[in-house]
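These notes concern the structure reproduced below.
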Amino acid sequence: MNLKEIYKSKVITAEQAAAKVKSGDRVVTGHACGEPIEVIAAMIASKETYENVEIVHMVAMSKSEYAKPGMEKHFRHNSLFVGGNTRDAVSSGRADFTPCYFYEVPSLFKEELPVDIALIQVTVPDEHGYCSYGVSNDYTKPAAECAKLVIAEVNNKMPRTLGDCFIHISEIDYIVESNHKIVELMPPKIGDIEKAIGEHCASLVDDGSTLQLGIGAIPDAVLLFLKHKKNLGIHSEMISDGVVELVEAGVITGKSKTIHNGKIIVTFLMGTQRLYDFVNNNPMVEMYPVNYVNDPTIIMKNSKMISINSCVQVDLMGQVASESVGLKQISGVGGQVDFVRGANMCFDGKSIMAMSSTAAKGKNSKIVPFLDAGSAVTTGRNDVNYIITEYGIAKLKGKNLKDRARALINIAHPEFRPLLIQEWEKRFQAKF
């Protein structure tokens, strides 16, 4: 058979695809904006035919109806990164959370969590029969490579991204054709606090640096203050719309990168149609699986590597909690530690943890004597380098416990500094 005939022989409806799922199967879905929405919707509609189907993924951008109350008999969600749509299910016990560094997720699927079915979303095949994974390479490609059965939602609106980002139609068992718009993530609102934090972060970025940026208002605010920089590069687990503006302004060129010179290296994408149009068939952007992009030993090869991430709390020893509030799991480690360690292993790298000084509309300090009881330590004190709030920069690396606590107090919100100073004086038996 020729390629067109092979393709046609694999095409089924979303309902027929859902029927391929059996009770007790472990189903891994495409990540974030690459989630195969139509097949999952068909599975929800067929819920009465299932018992105990395990659905595994990181961030979900759709409704995640399999995690809603009343679905317990049919589905069990196993989250590797808790998102807004699955947070309640995990906290109430209807779903599970499995901790894992992002770069190690592919090995998880090969060993501890073998994959029965991979549900993926890809582009229309090219003339050679290859489909691009589009906006979601990360763990999606490795999951498909080790799954017993691969069901692909082939979407003619998926941008064709390049790099190690392809699957041949011969490796796909069933195809569901779709044309729905790729899920978009709208830019967050950036206020004065985020701008102040962004300006502090940008002050640590030298010309020729390679950046990893997380997601949210603070990373986007950092980009606002980089417009006077030269020859910046990107090696990041993801990018959003702000990067496009800096490429178009000639700020991000990648010309100083020591590996993948001139290229933007990412593993997944979350943004608006502007970002998706930018990456489509763009040879400047290359996507690789997460076990390559987020591997600290790969990250460290970039000169002047800078990681910028956010967190929930920092205690006076410099321990960082980024994924839980007490016992409540609100997200996951994601790639934070991957990039913190990669940047620290780079001889001229910098790892930055950026956050507003308060939470709950100013009622709580994010710099605290002790992390909330039950909180997971995401980034340990030995890994932490820079902590930034709107009040300044605290460099912790190389400082003793007394000095790092003092530096953190100096960037805490002024309203909470007296209580933090009392704790400092009690702890260290000295005057602040």
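Residue numbering restarts at 1 in every chain; chains get A, B, ... in the order shown in the structure tokens, and ligands count up from 1 in that same order.
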
Next on the checklist: I'd like to know which residues of region 81-153 of chain A are alpha helix (DSSP H) (by DSSP, run on the backbone); could you write them as JSON, numbers by chain?
Outcome noted: {"A": [87, 88, 89, 90, 91, 105, 106, 107, 108, 109, 110, 140, 141, 142, 143, 144, 145, 146]}

Checklist entry - Could you name the residues that touch region 227-242 of chain A at 8 Å or less, counting only C-alpha atoms, but leaving out those on the same chain fewer than 6 positions away, as a VMD selection string? => result chain A and resid 187 206 to 215 220 249 to 257 262 to 272 274 to 275 290 293 to 294 299 335

Next on the checklist: Using only C-alpha atoms, which protein or nucleic acid residues come within 10 Å of Lys189 (chain A)? Drop anything in the same chain fewer than 5 positions from it, and give the result as a ChimeraX atom specification.
Outcome noted: /A:194,216-218,220-221

Checklist entry - Which residues, written as a PyMOL selection string, have at least one atom at most 8 Å from Tyr391 (chain A), with only C-alpha atoms counted and residues fewer than 3 positions away on the same chain left out? => result chain A and resi 196-197+357+388+410-413

Take the residues from that selection and put them in a file with C-alpha atoms, as a JSON list (two decimals), in the first residue's frame.
```
[["chain", "number", "residue", "atom", "x", "y", "z"],
["A", 196, "ALA", "CA", 9.31, 45.15, 39.77],
["A", 197, "ILE", "CA", 10.22, 41.46, 40.06],
["A", 357, "SER", "CA", 6.54, 38.90, 48.76],
["A", 388, "ILE", "CA", 13.83, 37.66, 44.17],
["A", 410, "ASN", "CA", 15.62, 42.18, 53.71],
["A", 411, "ILE", "CA", 13.49, 41.32, 50.64],
["A", 412, "ALA", "CA", 10.38, 40.31, 52.61],
["A", 413, "HIS", "CA", 7.37, 42.62, 52.72]]
```

Next on the checklist: Residues near Ser307 (chain A), anyone? I mean within 7 Å using only C-alpha atoms, not counting same-chain ones fewer than 2 positions away, as a ChimeraX atom specification.
Outcome noted: /A:211-213,305,309,339-340,343,350-352

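Distance check against Ile175 (chain A) using only C-alpha atoms: of A:Gly374, A:Pro418, A:Gly398, A:Pro125, the minimum falls on A:Pro125.
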
Item to check | Residue nearest Gly326 (chain A) - candidates A:Ser91, A:Ser310, A:Ser303, A:Asn156, atoms counted: only C-alpha atoms | outcome: A:Ser91
